[in-house]
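Structure, as C-alpha cells:
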Amino acid sequence: MQLNSEVTDTLIDRLAADLETSDFSVGTLSELWGERAEQALHRGERVPALRALAARQAAQAPEPASASESESMSASVDPAETAATLASLFLLGVPVDASALAASLPTLGLDGAVELGLVSVEDGRARARVDLRPYSFVDTAGAGSWWIVSDLGEMVLEGALTTDHVLGVGGASLTLSGLMVSRPVGRVLDLGTGCGIQALHAARHAEHVVATDISPRALEIAALNARLNGVHNIEFRLGDMFEPVEGERFDQIVTNPPFVITPRRSDVPAYEYRDGGRIGDGIMREVVTGVGRHLNPGGIAQMLGNWEYRSGEDGLDRVRGWVQASDTPLDVWLIERERQDPAAYAETWIRDGGTRSATPDFDRLYNAWLDDFAERGVESVGFGYLTLRRAPAVPTAEPLRRFERMPDALAASSGLGTHIAAVLDAHDWIAAHDDDALWRATLQVAPDVTEERNYWPGNDDPSTITLKQGGGFARTVKLDTALAALVGASDGELPVGVIVEAIAQLLEADVPALRQELLPRVRQLILDGFVQPLA
C-alpha cells in the first residue's frame, strides 16, 4: 500500500461507514466460517475458511428471479454477504468480482477503493493490495472493536515478505496490549508503532499519544487506521529510535521494538518490522539504557524483547547490566517466558519471513544465522516481557529488581496490565512499611485467590496446602500450617500482629521467632498479589 497526499480523510470516512453498515466484525466472520476454520486461520491456513464460504454460497444460491424481483434484490445487499465478500478479498486473498466489491462498498465505491490503495482491478476482478480485518478486544475501559489495515501476509502472498512489510495484529501485539498498564495518563509514546495497534490501545487511556517509526509506509498505514477508527489523539512522527522525541518526556512508553537478532550481512534480508539494524541484542540494550531519560518521574515503560545468553554470561545478567548502565534510576521487572537454542531461533525467524524449509535459500539463511551466533558465543536466546519505571522525583522506595523465569506466562498474558500496576503499587507499599508497620497492618485475601488442601487417606492433617491465583500470572505457592492460618484469618479485620500472636499460642510457638519467620513471606504474598494491605 502506498498512501500519498491524494488520500483524503473523506475517502477513509466513507470506508468506515461501509464497514460499519456491512457488520464487518469478528463475530460476523466467526459465524460465517465457524470455529474450526477460525482456528486454522490462526495457524496461517485458509483452506477451511474458503471451503466454509463456498459451502455457504452454494447453500444460499437463489432461484432464478423475475426482472422486478432482481431490481428489488439489487436495492438491498445482505450484510452477511457483504462481510463474506470483504473477508474473501481482504483476509483470504481471493480475487472477487468487481461489481460485488462495488456493492459491498457503496459509499466508498470501487474507484475510492482503488484510490486508497486497497485494491487493484483488472478484467472485472478486484484483487486485494492490503490486509483489512476486524479486531475486537476488552480492556479496562470495556469492550471495543476496530478495523486494522496492514500488508498482506505470507498466507496470501505464498512467498517471502518484502523488507518494508507492515505487520498486522499478531501474537506479540496481543501480548503487549494485554500487558499495557491502562491508568489515565497525559502523554504516551509508542516507539516503533508499525500498523499503530499499540498507539490505538494507548489512546483509550491517554490524553495524547506520539507514535514513531522508521518506516514512512508504517506511519501512513497507522495514520489510516487511526482515522478509520475515529481516533484523533495520536500524533505520528518519522525517525529512528528516540530521535523523533529528543528532549521530550512521557508518562508511559510502550514498544514492541524490532528485537529479532539477525545476521548483519548483505545477503540476509532485514525486515523493518522486526530487525533493528544492530548487532545481536543491541537494539534492546539501546532501548533499556535510553528509555529512562524520556520518562517523567514515576513513568512506566513496557516492552517485549530478546536477550542473548553468551558463553559464561547469563541472559538476565545482561539485562541487569543494561539497567545499571541507564543514565536514570529505574525499577525493573523482567519475566522471561521462553528460551530457544540458536538453531530453533533461526528456524523460527527464517520461516517468519516467508522462506520455506528444505530450499536453498532456507539453508543459506540458516547457516548465516548459526555463523552469527557462533561468532559471539551465543548459546541461547531469551524472550519475555520487561517493565521499567523511572524513580519519582523524591524516591520513597527501594528500587524494584525482579528477574523471573516463567515458562507459562504466555497463557496468562491477557489483561495483565492491571496486575502489573498493582504489583508496582504493592512494591511501593512494602518499601514504605517496615516490619513494625506491617505488624500493625490489616490484610485481606485477593478475590481471585483460592486454597487447595490435599490429604492422605485417613489423615486429618493436610499433606500440602497451596494458594492458587486465578488472575495475574496464575502463580501458586505452598504454605505451611502457620502461614496458611495467617492467610485464612486475613479478612481485613485483625492486624497481622494480632493474628500471628494467636497462631503462636495455638502452635505453642515463640512470638518473636514466628514473627521473624512469617513477615518476609507475607511481604512476598503482598508483592505477588495473593493478599492486599488495607491499612
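Chain labels A, B, ... are given in the sequence in which chains occur in the C-alpha cells; within each chain residues are numbered consecutively from 1, and ligands are likewise numbered from 1 in the order shown.
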
Name the residues in contact with Cys195 (chain A) at a cut-off of 10 Å, using only C-alpha atoms, excluding same-chain residues fewer than 3 positions from it; report them as a ChimeraX atom specification. /A:148-151,166-169,192,198-200,213,217-226,273

Residues from the last selection, C-alpha atoms, saved as a compact mmCIF listing (two decimals), in the first residue's frame:
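Printed below is result.txt as written:
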```txt
# COMPACT_ATOMS: atom_id res chain seq x y z
CA ILE A 148 -6.98 -2.80 11.08
CA VAL A 149 -5.15 -2.36 7.78
CA SER A 150 -1.72 -3.95 7.26
CA ASP A 151 0.24 -5.58 4.47
CA VAL A 166 3.99 -3.65 7.71
CA LEU A 167 2.84 -6.32 10.10
CA GLY A 168 -0.73 -6.60 11.31
CA VAL A 169 -2.01 -7.69 14.71
CA GLY A 192 8.04 1.71 16.59
CA GLN A 198 -0.41 -0.16 20.47
CA ALA A 199 -0.98 3.55 19.84
CA LEU A 200 -4.69 2.86 19.37
CA ASP A 213 8.50 4.59 13.28
CA ARG A 217 4.94 3.27 4.99
CA ALA A 218 4.15 2.07 8.50
CA LEU A 219 3.26 5.58 9.62
CA GLU A 220 0.91 6.06 6.66
CA ILE A 221 -0.90 2.83 7.43
CA ALA A 222 -1.01 3.61 11.16
CA ALA A 223 -2.49 7.05 10.43
CA LEU A 224 -5.09 5.44 8.17
CA ASN A 225 -6.02 3.01 10.95
CA ALA A 226 -6.42 5.84 13.44
CA TYR A 273 9.10 -4.53 11.30
```

Find the residues around Ala344 (chain A) up to 12 Å (only C-alpha atoms counted), leave out those fewer than 3 positions away in its own chain, and share them as a VMD selection string. chain A and resid 338 to 341 347 to 351 366 369 to 370 379 to 382

Within 12 Å of region 284-297 of chain A, which residues of region 182-242 of chain A come that close, and what is the closest atom pair and distance in Å for each? Count only C-alpha atoms and give it as a tab-separated table.
```
residue	atom	partner	partner_atom	distance
A:Val185	CA	A:Asn296	CA	11.0
A:Gly186	CA	A:Asn296	CA	10.5
A:Arg187	CA	A:Asn296	CA	9.6
A:Val188	CA	A:Leu295	CA	9.5
A:Leu189	CA	A:His294	CA	9.1
A:Asp190	CA	A:Val291	CA	11.8
A:Leu191	CA	A:Val287	CA	9.5
A:Gly192	CA	A:Val287	CA	11.2
A:Asp240	CA	A:Val287	CA	11.4
A:Met241	CA	A:Val287	CA	7.8
A:Phe242	CA	A:Gly290	CA	8.0
```

Leaving out Arg56 (chain A) and any residue of its chain fewer than 6 positions from it, which residues lie within 10 Å of it when counting only C-alpha atoms, given as a ChimeraX atom specification? /A:32-33,50,81,84

Go ahead and write the selection's residues with N, CA, C and O atoms as a PDB file, in the first residue's frame.
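Produced file selection_38.pdb, reproduced below:
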```pdb
ATOM      1  N   LEU A  32     -19.620 -16.882   9.951  1.00  0.00           N
ATOM      2  CA  LEU A  32     -19.573 -17.241   8.535  1.00  0.00           C
ATOM      3  C   LEU A  32     -18.810 -18.537   8.292  1.00  0.00           C
ATOM      4  O   LEU A  32     -19.227 -19.374   7.493  1.00  0.00           O
ATOM      5  N   TRP A  33     -17.679 -18.690   8.970  1.00  0.00           N
ATOM      6  CA  TRP A  33     -16.870 -19.880   8.645  1.00  0.00           C
ATOM      7  C   TRP A  33     -16.668 -20.844   9.804  1.00  0.00           C
ATOM      8  O   TRP A  33     -16.111 -21.916   9.637  1.00  0.00           O
ATOM      9  N   LEU A  50     -12.092 -20.961   3.292  1.00  0.00           N
ATOM     10  CA  LEU A  50     -12.533 -20.889   1.905  1.00  0.00           C
ATOM     11  C   LEU A  50     -13.626 -21.923   1.621  1.00  0.00           C
ATOM     12  O   LEU A  50     -14.618 -21.631   0.946  1.00  0.00           O
ATOM     13  N   GLU A  81     -23.598 -11.271   3.347  1.00  0.00           N
ATOM     14  CA  GLU A  81     -22.984 -11.491   2.042  1.00  0.00           C
ATOM     15  C   GLU A  81     -21.887 -10.467   1.787  1.00  0.00           C
ATOM     16  O   GLU A  81     -20.828 -10.790   1.234  1.00  0.00           O
ATOM     17  N   ALA A  84     -18.926 -11.488   3.775  1.00  0.00           N
ATOM     18  CA  ALA A  84     -18.265 -12.627   3.143  1.00  0.00           C
ATOM     19  C   ALA A  84     -17.398 -12.165   1.971  1.00  0.00           C
ATOM     20  O   ALA A  84     -16.279 -12.665   1.766  1.00  0.00           O
TER      21      ALA A  84
END
```

Can you check which residues of region 294-367 of chain A DSSP gives as alpha helix (DSSP H) on the backbone and send them as a JSON list (two decimals) with N, CA, C and O atoms, in the first residue's frame?
```json
[["chain", "number", "residue", "atom", "x", "y", "z"],
["A", 315, "GLY", "N", 21.71, -14.56, 30.41],
["A", 315, "GLY", "CA", 20.95, -13.54, 29.69],
["A", 315, "GLY", "C", 20.32, -12.51, 30.60],
["A", 315, "GLY", "O", 20.27, -11.31, 30.27],
["A", 316, "LEU", "N", 19.80, -12.94, 31.76],
["A", 316, "LEU", "CA", 19.19, -11.99, 32.67],
["A", 316, "LEU", "C", 20.23, -11.05, 33.27],
["A", 316, "LEU", "O", 19.93, -9.89, 33.57],
["A", 317, "ASP", "N", 21.46, -11.55, 33.43],
["A", 317, "ASP", "CA", 22.53, -10.67, 33.91],
["A", 317, "ASP", "C", 22.86, -9.60, 32.87],
["A", 317, "ASP", "O", 23.24, -8.48, 33.23],
["A", 318, "ARG", "N", 22.71, -9.94, 31.59],
["A", 318, "ARG", "CA", 22.92, -8.93, 30.55],
["A", 318, "ARG", "C", 21.93, -7.79, 30.73],
["A", 318, "ARG", "O", 22.28, -6.61, 30.66],
["A", 319, "VAL", "N", 20.67, -8.14, 30.96],
["A", 319, "VAL", "CA", 19.66, -7.10, 31.13],
["A", 319, "VAL", "C", 19.92, -6.30, 32.40],
["A", 319, "VAL", "O", 19.74, -5.07, 32.42],
["A", 320, "ARG", "N", 20.34, -6.97, 33.47],
["A", 320, "ARG", "CA", 20.71, -6.25, 34.70],
["A", 320, "ARG", "C", 21.77, -5.19, 34.40],
["A", 320, "ARG", "O", 21.71, -4.06, 34.89],
["A", 321, "GLY", "N", 22.74, -5.58, 33.58],
["A", 321, "GLY", "CA", 23.79, -4.64, 33.23],
["A", 321, "GLY", "C", 23.27, -3.46, 32.44],
["A", 321, "GLY", "O", 23.71, -2.32, 32.64],
["A", 322, "TRP", "N", 22.31, -3.69, 31.56],
["A", 322, "TRP", "CA", 21.70, -2.59, 30.80],
["A", 322, "TRP", "C", 21.00, -1.61, 31.74],
["A", 322, "TRP", "O", 21.11, -0.39, 31.57],
["A", 323, "VAL", "N", 20.26, -2.16, 32.69],
["A", 323, "VAL", "CA", 19.53, -1.30, 33.64],
["A", 323, "VAL", "C", 20.52, -0.46, 34.44],
["A", 323, "VAL", "O", 20.32, 0.74, 34.65],
["A", 324, "GLN", "N", 21.61, -1.09, 34.87],
["A", 324, "GLN", "CA", 22.61, -0.36, 35.64],
["A", 324, "GLN", "C", 23.30, 0.71, 34.80],
["A", 324, "GLN", "O", 23.74, 1.74, 35.33],
["A", 325, "ALA", "N", 23.36, 0.47, 33.48],
["A", 325, "ALA", "CA", 24.01, 1.45, 32.60],
["A", 325, "ALA", "C", 23.09, 2.61, 32.22],
["A", 325, "ALA", "O", 23.54, 3.56, 31.58],
["A", 342, "PRO", "N", 20.12, -21.66, 19.48],
["A", 342, "PRO", "CA", 20.33, -20.92, 18.22],
["A", 342, "PRO", "C", 19.65, -21.53, 17.01],
["A", 342, "PRO", "O", 19.11, -20.80, 16.16],
["A", 343, "ALA", "N", 19.63, -22.85, 16.91],
["A", 343, "ALA", "CA", 19.01, -23.49, 15.74],
["A", 343, "ALA", "C", 17.51, -23.23, 15.71],
["A", 343, "ALA", "O", 16.96, -22.86, 14.66],
["A", 344, "ALA", "N", 16.84, -23.44, 16.84],
["A", 344, "ALA", "CA", 15.39, -23.23, 16.88],
["A", 344, "ALA", "C", 15.06, -21.76, 16.62],
["A", 344, "ALA", "O", 14.07, -21.45, 15.94],
["A", 345, "TYR", "N", 15.87, -20.85, 17.16],
["A", 345, "TYR", "CA", 15.64, -19.42, 16.95],
["A", 345, "TYR", "C", 15.76, -19.08, 15.46],
["A", 345, "TYR", "O", 14.91, -18.37, 14.90],
["A", 346, "ALA", "N", 16.81, -19.58, 14.82],
["A", 346, "ALA", "CA", 17.00, -19.30, 13.40],
["A", 346, "ALA", "C", 15.84, -19.82, 12.58],
["A", 346, "ALA", "O", 15.31, -19.13, 11.69],
["A", 347, "GLU", "N", 15.40, -21.04, 12.85],
["A", 347, "GLU", "CA", 14.29, -21.62, 12.10],
["A", 347, "GLU", "C", 13.03, -20.77, 12.23],
["A", 347, "GLU", "O", 12.31, -20.53, 11.26],
["A", 348, "THR", "N", 12.75, -20.32, 13.46],
["A", 348, "THR", "CA", 11.54, -19.52, 13.71],
["A", 348, "THR", "C", 11.51, -18.29, 12.83],
["A", 348, "THR", "O", 10.49, -18.00, 12.17],
["A", 349, "TRP", "N", 12.61, -17.55, 12.80],
["A", 349, "TRP", "CA", 12.57, -16.25, 12.13],
["A", 349, "TRP", "C", 12.82, -16.32, 10.63],
["A", 349, "TRP", "O", 12.39, -15.45, 9.88],
["A", 350, "ILE", "N", 13.48, -17.38, 10.19],
["A", 350, "ILE", "CA", 13.59, -17.56, 8.73],
["A", 350, "ILE", "C", 12.22, -17.88, 8.16],
["A", 350, "ILE", "O", 11.81, -17.33, 7.13],
["A", 351, "ARG", "N", 11.48, -18.76, 8.83],
["A", 351, "ARG", "CA", 10.13, -19.08, 8.38],
["A", 351, "ARG", "C", 9.21, -17.86, 8.49],
["A", 351, "ARG", "O", 8.32, -17.66, 7.66],
["A", 352, "ASP", "N", 9.42, -17.05, 9.52],
["A", 352, "ASP", "CA", 8.59, -15.86, 9.71],
["A", 352, "ASP", "C", 8.67, -14.93, 8.50],
["A", 352, "ASP", "O", 7.70, -14.27, 8.14],
["A", 360, "PRO", "N", 17.10, -24.04, -1.00],
["A", 360, "PRO", "CA", 18.45, -23.48, -0.93],
["A", 360, "PRO", "C", 18.52, -22.17, -0.14],
["A", 360, "PRO", "O", 19.48, -21.95, 0.61],
["A", 361, "ASP", "N", 17.52, -21.31, -0.31],
["A", 361, "ASP", "CA", 17.51, -20.04, 0.43],
["A", 361, "ASP", "C", 17.43, -20.28, 1.93],
["A", 361, "ASP", "O", 18.09, -19.60, 2.72],
["A", 362, "PHE", "N", 16.59, -21.24, 2.33],
["A", 362, "PHE", "CA", 16.45, -21.54, 3.75],
["A", 362, "PHE", "C", 17.78, -22.01, 4.33],
["A", 362, "PHE", "O", 18.22, -21.53, 5.39],
["A", 363, "ASP", "N", 18.42, -22.93, 3.65],
["A", 363, "ASP", "CA", 19.69, -23.47, 4.15],
["A", 363, "ASP", "C", 20.76, -22.38, 4.21],
["A", 363, "ASP", "O", 21.57, -22.32, 5.15],
["A", 364, "ARG", "N", 20.79, -21.51, 3.21],
["A", 364, "ARG", "CA", 21.77, -20.41, 3.21],
["A", 364, "ARG", "C", 21.56, -19.49, 4.40],
["A", 364, "ARG", "O", 22.51, -19.12, 5.11],
["A", 365, "LEU", "N", 20.29, -19.11, 4.64],
["A", 365, "LEU", "CA", 20.00, -18.23, 5.77],
["A", 365, "LEU", "C", 20.27, -18.93, 7.10],
["A", 365, "LEU", "O", 20.75, -18.31, 8.05],
["A", 366, "TYR", "N", 19.96, -20.21, 7.15],
["A", 366, "TYR", "CA", 20.18, -20.99, 8.37],
["A", 366, "TYR", "C", 21.67, -20.95, 8.75],
["A", 366, "TYR", "O", 22.03, -20.69, 9.91],
["A", 367, "ASN", "N", 22.53, -21.17, 7.78],
["A", 367, "ASN", "CA", 23.98, -21.12, 8.05],
["A", 367, "ASN", "C", 24.42, -19.72, 8.48],
["A", 367, "ASN", "O", 25.27, -19.57, 9.37]]
```

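Excluding Ala437 (chain A) itself and any same-chain residue fewer than 5 positions from it, the protein and nucleic acid residues within 12 Å of it, counting only C-alpha atoms, are Trp429, Ile430, Ala431, Ala432, Thr442, Pro495, Val496, Gly497, Leu519, Arg523, Pro533 and Ala535 of chain A.
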
Given the selection you just returned, output its residues as a file containing N, CA, C and O atoms, formatted as a PDB file, in the first residue's frame.
```pdb
ATOM      1  N   TRP A 429       4.253  -0.003  48.558  1.00  0.00           N
ATOM      2  CA  TRP A 429       3.687  -0.134  49.906  1.00  0.00           C
ATOM      3  C   TRP A 429       4.643  -0.909  50.807  1.00  0.00           C
ATOM      4  O   TRP A 429       4.899  -0.513  51.953  1.00  0.00           O
ATOM      5  N   ILE A 430       5.194  -1.985  50.293  1.00  0.00           N
ATOM      6  CA  ILE A 430       6.120  -2.801  51.089  1.00  0.00           C
ATOM      7  C   ILE A 430       7.352  -2.000  51.482  1.00  0.00           C
ATOM      8  O   ILE A 430       7.799  -2.033  52.636  1.00  0.00           O
ATOM      9  N   ALA A 431       7.903  -1.252  50.526  1.00  0.00           N
ATOM     10  CA  ALA A 431       9.105  -0.478  50.800  1.00  0.00           C
ATOM     11  C   ALA A 431       8.849   0.639  51.806  1.00  0.00           C
ATOM     12  O   ALA A 431       9.760   1.051  52.532  1.00  0.00           O
ATOM     13  N   ALA A 432       7.614   1.130  51.853  1.00  0.00           N
ATOM     14  CA  ALA A 432       7.269   2.233  52.764  1.00  0.00           C
ATOM     15  C   ALA A 432       6.850   1.746  54.153  1.00  0.00           C
ATOM     16  O   ALA A 432       6.618   2.573  55.042  1.00  0.00           O
ATOM     17  N   THR A 442      -3.575  -4.324  58.457  1.00  0.00           N
ATOM     18  CA  THR A 442      -4.597  -5.349  58.219  1.00  0.00           C
ATOM     19  C   THR A 442      -4.552  -5.759  56.749  1.00  0.00           C
ATOM     20  O   THR A 442      -4.344  -4.920  55.868  1.00  0.00           O
ATOM     21  N   PRO A 495      -5.295  -6.948  62.750  1.00  0.00           N
ATOM     22  CA  PRO A 495      -3.932  -6.658  62.309  1.00  0.00           C
ATOM     23  C   PRO A 495      -3.098  -7.931  62.224  1.00  0.00           C
ATOM     24  O   PRO A 495      -3.383  -8.932  62.893  1.00  0.00           O
ATOM     25  N   VAL A 496      -2.053  -7.862  61.407  1.00  0.00           N
ATOM     26  CA  VAL A 496      -1.176  -9.019  61.241  1.00  0.00           C
ATOM     27  C   VAL A 496      -0.621  -9.479  62.578  1.00  0.00           C
ATOM     28  O   VAL A 496      -0.567 -10.685  62.871  1.00  0.00           O
ATOM     29  N   GLY A 497      -0.203  -8.539  63.417  1.00  0.00           N
ATOM     30  CA  GLY A 497       0.400  -8.902  64.694  1.00  0.00           C
ATOM     31  C   GLY A 497      -0.539  -9.684  65.594  1.00  0.00           C
ATOM     32  O   GLY A 497      -0.128 -10.649  66.253  1.00  0.00           O
ATOM     33  N   LEU A 519       6.912 -12.708  58.543  1.00  0.00           N
ATOM     34  CA  LEU A 519       6.782 -11.397  57.898  1.00  0.00           C
ATOM     35  C   LEU A 519       7.440 -11.318  56.527  1.00  0.00           C
ATOM     36  O   LEU A 519       6.849 -10.743  55.588  1.00  0.00           O
ATOM     37  N   ARG A 523       5.351 -10.431  53.056  1.00  0.00           N
ATOM     38  CA  ARG A 523       5.741  -9.397  52.094  1.00  0.00           C
ATOM     39  C   ARG A 523       5.714  -9.949  50.666  1.00  0.00           C
ATOM     40  O   ARG A 523       5.255  -9.279  49.734  1.00  0.00           O
ATOM     41  N   PRO A 533      -2.932  -5.198  51.345  1.00  0.00           N
ATOM     42  CA  PRO A 533      -2.977  -4.391  52.569  1.00  0.00           C
ATOM     43  C   PRO A 533      -4.137  -3.407  52.535  1.00  0.00           C
ATOM     44  O   PRO A 533      -4.415  -2.797  51.506  1.00  0.00           O
ATOM     45  N   ALA A 535      -4.492  -1.264  55.459  1.00  0.00           N
ATOM     46  CA  ALA A 535      -4.028  -0.141  56.288  1.00  0.00           C
ATOM     47  C   ALA A 535      -2.616  -0.409  56.768  1.00  0.00           C
ATOM     48  O   ALA A 535      -2.140  -1.530  56.712  1.00  0.00           O
TER      49      ALA A 535
END
```

Can you tell me which residues surround Gly305 (chain A) at a distance of at most 8 Å, considering only C-alpha atoms, apart from same-chain residues fewer than 3 positions away, and format the answer as a list in words?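 The filter keeps Asn256, Pro257, Phe259, Met284, Phe383, Gly384, Tyr385 and Leu386 of chain A.
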
I'd like the contact shell of Val138 (chain A) - 10 Å cut-off, only C-alpha atoms, skipping same-chain residues fewer than 3 positions apart - returned as a PDB file with C-alpha atoms, in the first residue's frame.
```pdb
ATOM      1  CA  ALA A 141     -12.297   0.757  29.578  1.00  0.00           C
ATOM      2  CA  GLY A 142     -14.506  -2.122  28.419  1.00  0.00           C
ATOM      3  CA  ALA A 143     -15.070  -3.961  25.154  1.00  0.00           C
ATOM      4  CA  GLY A 144     -14.040  -2.419  21.866  1.00  0.00           C
ATOM      5  CA  SER A 145     -13.524  -3.193  18.202  1.00  0.00           C
ATOM      6  CA  GLY A 178      -2.549  -7.240  27.297  1.00  0.00           C
ATOM      7  CA  SER A 414      -4.318 -11.289  28.639  1.00  0.00           C
ATOM      8  CA  GLY A 415      -5.330  -8.338  30.786  1.00  0.00           C
TER       9      GLY A 415
END
```

All strand (DSSP E or B) positions in region 158-367 of chain A, as a ChimeraX atom specification: /A:185-191,206-213,234-238,250-255,259,275,295-310,313,330-340
